[in-house]
Amino acid sequence: MKVTVDIVIFTIQAGELKVLLVKRGVAPYAGQYAIPGGFVLDGEGLDQAALRELREETGVSEVYLEQLYSFGDPQRDPRGRVVTVAYFALISAEDSQLHAGTDAAAAAWLAVDDVPELAFDHAKILGYAVERLRNKLEYTTVGFQLLPEKFSLSQLQEVYEAILGRKLDKRNFRRKLALLKILKPTSEYRRDGRKPARLYRFVAARFEKLKDKGIVFPF
């Protein structure tokens, strides 16, 4: 039996939740898109393998990375018995440029709602990762992992809407954020719209206190 790691890498571009897919150049499934990943090397731990594959595919290492699930259907790989340990990673739009060493013709960010048929059981893995990401919005900081260090309230709402796949009421969204007090305003503004938008920082210490009390983000 062989072991692989597959990394579902998410980002948000133009208000859409996107996933990094690589077009396979060899059999099996030559020419089809797949989740990036590869075999675990001798003497290599699972997390090490996932981080290595992530660096090779994107050139990024400082990202939110979490083990997702193990997939071991005996028929999942036509080459033989292969168990894969899936991870998901979150990259902000600022860091989502493909690595210079990656074949641009073989790798692309595609909207989660518009992916083609995927190789192996990668459609199942992707679906599982999207569901996990949506569930974690309520009680973790995953939404903030897709943002730059300083962000506007509109950017934050855009992240939540892209992950949830639905629009949120702007006034209600901001009211709930104000009650949680997990954002710190800065003196800087974002000036790419009609009106300058104040930038904020995420207050991790405040979030930890809320989490200890069982308070979640009811968006």
# chains A, B, ... in the order shown; residues from 1 in each chain; ligands from 1
call {"tool": "residues_around", "arguments": {"residues": "stretch 195-202 of chain A", "least_positions_apart": "4", "cutoff": "9 Å", "atoms": "only C-alpha atoms", "output": "short mmCIF file (atom, residue, chain, number, x, y, z; two decimals) with N, CA and C atoms, in the first residue's frame"}}
result
data_model
loop_
_atom_site.label_atom_id
_atom_site.label_comp_id
_atom_site.auth_asym_id
_atom_site.auth_seq_id
_atom_site.Cartn_x
_atom_site.Cartn_y
_atom_site.Cartn_z
N PHE A 144 -10.47 34.89 8.35
CA PHE A 144 -9.42 35.91 8.39
C PHE A 144 -8.13 35.42 7.73
N GLU A 149 -3.37 41.35 6.21
CA GLU A 149 -3.28 41.72 7.63
C GLU A 149 -4.24 42.86 7.96
N LYS A 150 -4.39 43.80 7.05
CA LYS A 150 -5.33 44.92 7.22
C LYS A 150 -6.39 44.83 6.14
N PHE A 151 -7.64 44.95 6.50
CA PHE A 151 -8.73 44.73 5.56
C PHE A 151 -9.90 45.63 5.89
N SER A 152 -10.74 45.85 4.90
CA SER A 152 -11.97 46.63 5.11
C SER A 152 -13.10 45.69 5.50
N LEU A 153 -14.17 46.26 6.05
CA LEU A 153 -15.34 45.46 6.40
C LEU A 153 -15.97 44.84 5.16
N SER A 154 -15.91 45.54 4.05
CA SER A 154 -16.45 45.00 2.80
C SER A 154 -15.66 43.79 2.34
N ILE A 182 -14.09 42.04 17.84
CA ILE A 182 -12.89 41.29 17.47
C ILE A 182 -12.05 42.01 16.42
N LEU A 183 -12.46 43.24 16.06
CA LEU A 183 -11.73 44.02 15.07
C LEU A 183 -11.21 45.31 15.69
N LYS A 184 -10.01 45.69 15.32
CA LYS A 184 -9.42 46.94 15.79
C LYS A 184 -9.23 47.88 14.61
N PRO A 185 -9.85 49.06 14.64
CA PRO A 185 -9.70 50.00 13.52
C PRO A 185 -8.28 50.56 13.46
N THR A 186 -7.80 50.78 12.27
CA THR A 186 -6.50 51.42 12.07
C THR A 186 -6.74 52.84 11.55
N SER A 187 -5.66 53.58 11.35
CA SER A 187 -5.77 54.94 10.81
C SER A 187 -5.66 54.94 9.29
N GLU A 188 -5.62 53.73 8.69
CA GLU A 188 -5.45 53.62 7.25
C GLU A 188 -6.77 53.35 6.54
N TYR A 189 -6.81 53.72 5.25
CA TYR A 189 -8.02 53.56 4.46
C TYR A 189 -7.69 52.88 3.14
N ARG A 190 -8.65 52.16 2.62
CA ARG A 190 -8.56 51.52 1.31
C ARG A 190 -9.27 52.44 0.32
N ARG A 191 -8.61 52.79 -0.77
CA ARG A 191 -9.15 53.83 -1.66
C ARG A 191 -9.39 53.34 -3.08
N ARG A 206 -9.04 38.70 21.71
CA ARG A 206 -10.47 38.84 21.97
C ARG A 206 -11.23 37.62 21.46
N PHE A 207 -10.83 37.14 20.30
CA PHE A 207 -11.48 35.95 19.75
C PHE A 207 -11.32 34.75 20.68
#
call {"tool": "closest_atom_pairs", "arguments": {"of": "stretch 124-209 of chain A", "to": "stretch 90-97 of chain A", "cutoff": "9 Å", "atoms": "only C-alpha atoms", "output": "Markdown table"}}
result
| residue | atom | partner | partner_atom | distance |
| --- | --- | --- | --- | --- |
| A:Val142 | CA | A:Leu90 | CA | 7.7 |
| A:Gly143 | CA | A:Leu90 | CA | 8.9 |
| A:Phe144 | CA | A:Ser92 | CA | 8.8 |
| A:Gln145 | CA | A:Leu90 | CA | 6.2 |
| A:Leu146 | CA | A:Ser92 | CA | 4.1 |
| A:Leu147 | CA | A:Ser92 | CA | 5.1 |
| A:Pro148 | CA | A:Ser92 | CA | 6.3 |
call {"tool": "select_by_dssp", "arguments": {"residues": "chain A", "states": "strand (DSSP E)", "output": "PyMOL selection string"}}
result
chain A and resi 2-13+16-23+33-34+37-39+64-71+82-90+107-111+183-190+197-202
call {"tool": "closest_residue", "arguments": {"among": "A:Gln75, A:Thr11, A:Gln155, A:Thr140", "to": "A:Val63", "atoms": "only C-alpha atoms"}}
result
A:Thr11
call {"tool": "closest_residue", "arguments": {"among": "A:Ile125, A:Leu65, A:Ile35, A:Val8", "to": "A:Gln48", "atoms": "only C-alpha atoms"}}
result
A:Leu65
call {"tool": "select_by_dssp", "arguments": {"residues": "chain A", "states": "alpha helix (DSSP H)", "output": "PyMOL selection string"}}
result
chain A and resi 46-58+122-136+142-145+153-164+170-180+204-212
call {"tool": "closest_residue", "arguments": {"among": "A:Tyr33, A:Trp109, A:Phe39, A:Tyr69", "to": "A:Gly127", "atoms": "only C-alpha atoms"}}
result
A:Tyr69
call {"tool": "atom_distance", "arguments": {"atom1": "atom CA of A:Ala108", "atom2": "atom CA of A:Val26"}}
result
17.4 Å
call {"tool": "closest_residue", "arguments": {"among": "A:Glu57, A:Asp6, A:Glu16, A:Glu161", "to": "A:Ala106", "atoms": "only C-alpha atoms"}}
result
A:Glu57
call {"tool": "residues_around", "arguments": {"residues": "stretch 168-172 of chain A", "least_positions_apart": "6", "cutoff": "12 Å", "atoms": "only C-alpha atoms", "output": "mmCIF file with N, CA and C atoms, in the first residue's frame"}}
result
data_model
loop_
_atom_site.group_PDB
_atom_site.id
_atom_site.type_symbol
_atom_site.label_atom_id
_atom_site.label_comp_id
_atom_site.auth_asym_id
_atom_site.auth_seq_id
_atom_site.Cartn_x
_atom_site.Cartn_y
_atom_site.Cartn_z
ATOM 1 N N LEU A 153 -14.166 46.262 6.045
ATOM 2 C CA LEU A 153 -15.338 45.457 6.402
ATOM 3 C C LEU A 153 -15.971 44.837 5.163
ATOM 4 N N SER A 154 -15.907 45.541 4.047
ATOM 5 C CA SER A 154 -16.454 45.000 2.799
ATOM 6 C C SER A 154 -15.663 43.785 2.340
ATOM 7 N N GLN A 155 -14.343 43.846 2.498
ATOM 8 C CA GLN A 155 -13.508 42.686 2.140
ATOM 9 C C GLN A 155 -13.845 41.489 3.013
ATOM 10 N N LEU A 156 -14.051 41.733 4.310
ATOM 11 C CA LEU A 156 -14.387 40.642 5.232
ATOM 12 C C LEU A 156 -15.733 40.033 4.866
ATOM 13 N N GLN A 157 -16.725 40.865 4.578
ATOM 14 C CA GLN A 157 -18.034 40.346 4.206
ATOM 15 C C GLN A 157 -17.949 39.569 2.899
ATOM 16 N N GLU A 158 -17.126 40.036 1.988
ATOM 17 C CA GLU A 158 -16.944 39.344 0.710
ATOM 18 C C GLU A 158 -16.418 37.931 0.922
ATOM 19 N N VAL A 159 -15.492 37.776 1.881
ATOM 20 C CA VAL A 159 -14.941 36.458 2.195
ATOM 21 C C VAL A 159 -16.040 35.530 2.711
ATOM 22 N N TYR A 160 -16.835 36.020 3.654
ATOM 23 C CA TYR A 160 -17.904 35.202 4.226
ATOM 24 C C TYR A 160 -18.930 34.828 3.157
ATOM 25 N N GLU A 161 -19.282 35.763 2.309
ATOM 26 C CA GLU A 161 -20.267 35.480 1.260
ATOM 27 C C GLU A 161 -19.727 34.464 0.263
ATOM 28 N N ALA A 162 -18.452 34.588 -0.082
ATOM 29 C CA ALA A 162 -17.861 33.660 -1.052
ATOM 30 C C ALA A 162 -17.833 32.238 -0.504
ATOM 31 N N ALA A 178 -19.606 44.366 15.394
ATOM 32 C CA ALA A 178 -19.413 45.379 16.425
ATOM 33 C C ALA A 178 -19.661 44.791 17.815
ATOM 34 N N LEU A 179 -20.653 43.928 17.925
ATOM 35 C CA LEU A 179 -20.961 43.303 19.212
ATOM 36 C C LEU A 179 -19.845 42.358 19.663
ATOM 37 N N PRO A 218 -22.455 34.031 14.401
ATOM 38 C CA PRO A 218 -23.758 33.603 13.845
ATOM 39 C C PRO A 218 -24.089 34.315 12.528
ATOM 40 N N PHE A 219 -23.309 34.013 11.485
ATOM 41 C CA PHE A 219 -23.547 34.660 10.212
ATOM 42 C C PHE A 219 -24.289 33.741 9.251
#
call {"tool": "atom_distance", "arguments": {"atom1": "atom CA of A:Ser61", "atom2": "atom CA of A:Val130"}}
result
21.2 Å
call {"tool": "atom_distance", "arguments": {"atom1": "atom CA of A:Leu126", "atom2": "atom CA of A:Asp42"}}
result
26.7 Å
call {"tool": "closest_residue", "arguments": {"among": "A:Met1, A:Ile163, A:Val83, A:Ala49", "to": "A:Asp121", "atoms": "only C-alpha atoms"}}
result
A:Val83
call {"tool": "closest_residue", "arguments": {"among": "A:His122, A:Arg24, A:Arg52, A:Arg134", "to": "A:Phe71", "atoms": "only C-alpha atoms"}}
result
A:His122
call {"tool": "decode", "arguments": {"residues": "stretch 4-15 of chain A", "atoms": "N, CA and C atoms", "output": "compact mmCIF listing (two decimals), in the first residue's frame"}}
result
# COMPACT_ATOMS: atom_id res chain seq x y z
N THR A 4 -0.41 8.88 -0.16
CA THR A 4 -0.23 10.18 -0.77
C THR A 4 -0.83 11.26 0.12
N VAL A 5 -0.51 12.51 -0.18
CA VAL A 5 -1.19 13.65 0.43
C VAL A 5 -1.77 14.48 -0.71
N ASP A 6 -2.96 14.99 -0.51
CA ASP A 6 -3.60 15.89 -1.46
C ASP A 6 -3.98 17.16 -0.71
N ILE A 7 -3.71 18.32 -1.29
CA ILE A 7 -3.94 19.59 -0.61
C ILE A 7 -4.95 20.42 -1.38
N VAL A 8 -6.09 20.64 -0.75
CA VAL A 8 -7.13 21.50 -1.32
C VAL A 8 -6.78 22.93 -0.91
N ILE A 9 -6.35 23.73 -1.86
CA ILE A 9 -5.87 25.08 -1.59
C ILE A 9 -6.92 26.09 -2.03
N PHE A 10 -7.45 26.83 -1.06
CA PHE A 10 -8.51 27.81 -1.35
C PHE A 10 -7.95 29.23 -1.34
N THR A 11 -8.54 30.07 -2.16
CA THR A 11 -8.34 31.51 -2.08
C THR A 11 -9.63 32.18 -2.52
N ILE A 12 -9.68 33.50 -2.42
CA ILE A 12 -10.83 34.25 -2.91
C ILE A 12 -10.34 35.31 -3.88
N GLN A 13 -10.87 35.26 -5.08
CA GLN A 13 -10.52 36.22 -6.12
C GLN A 13 -11.80 36.75 -6.73
N ALA A 14 -11.89 38.09 -6.84
CA ALA A 14 -13.06 38.73 -7.45
C ALA A 14 -14.37 38.26 -6.81
N GLY A 15 -14.34 38.06 -5.50
CA GLY A 15 -15.55 37.69 -4.78
C GLY A 15 -15.96 36.24 -4.91
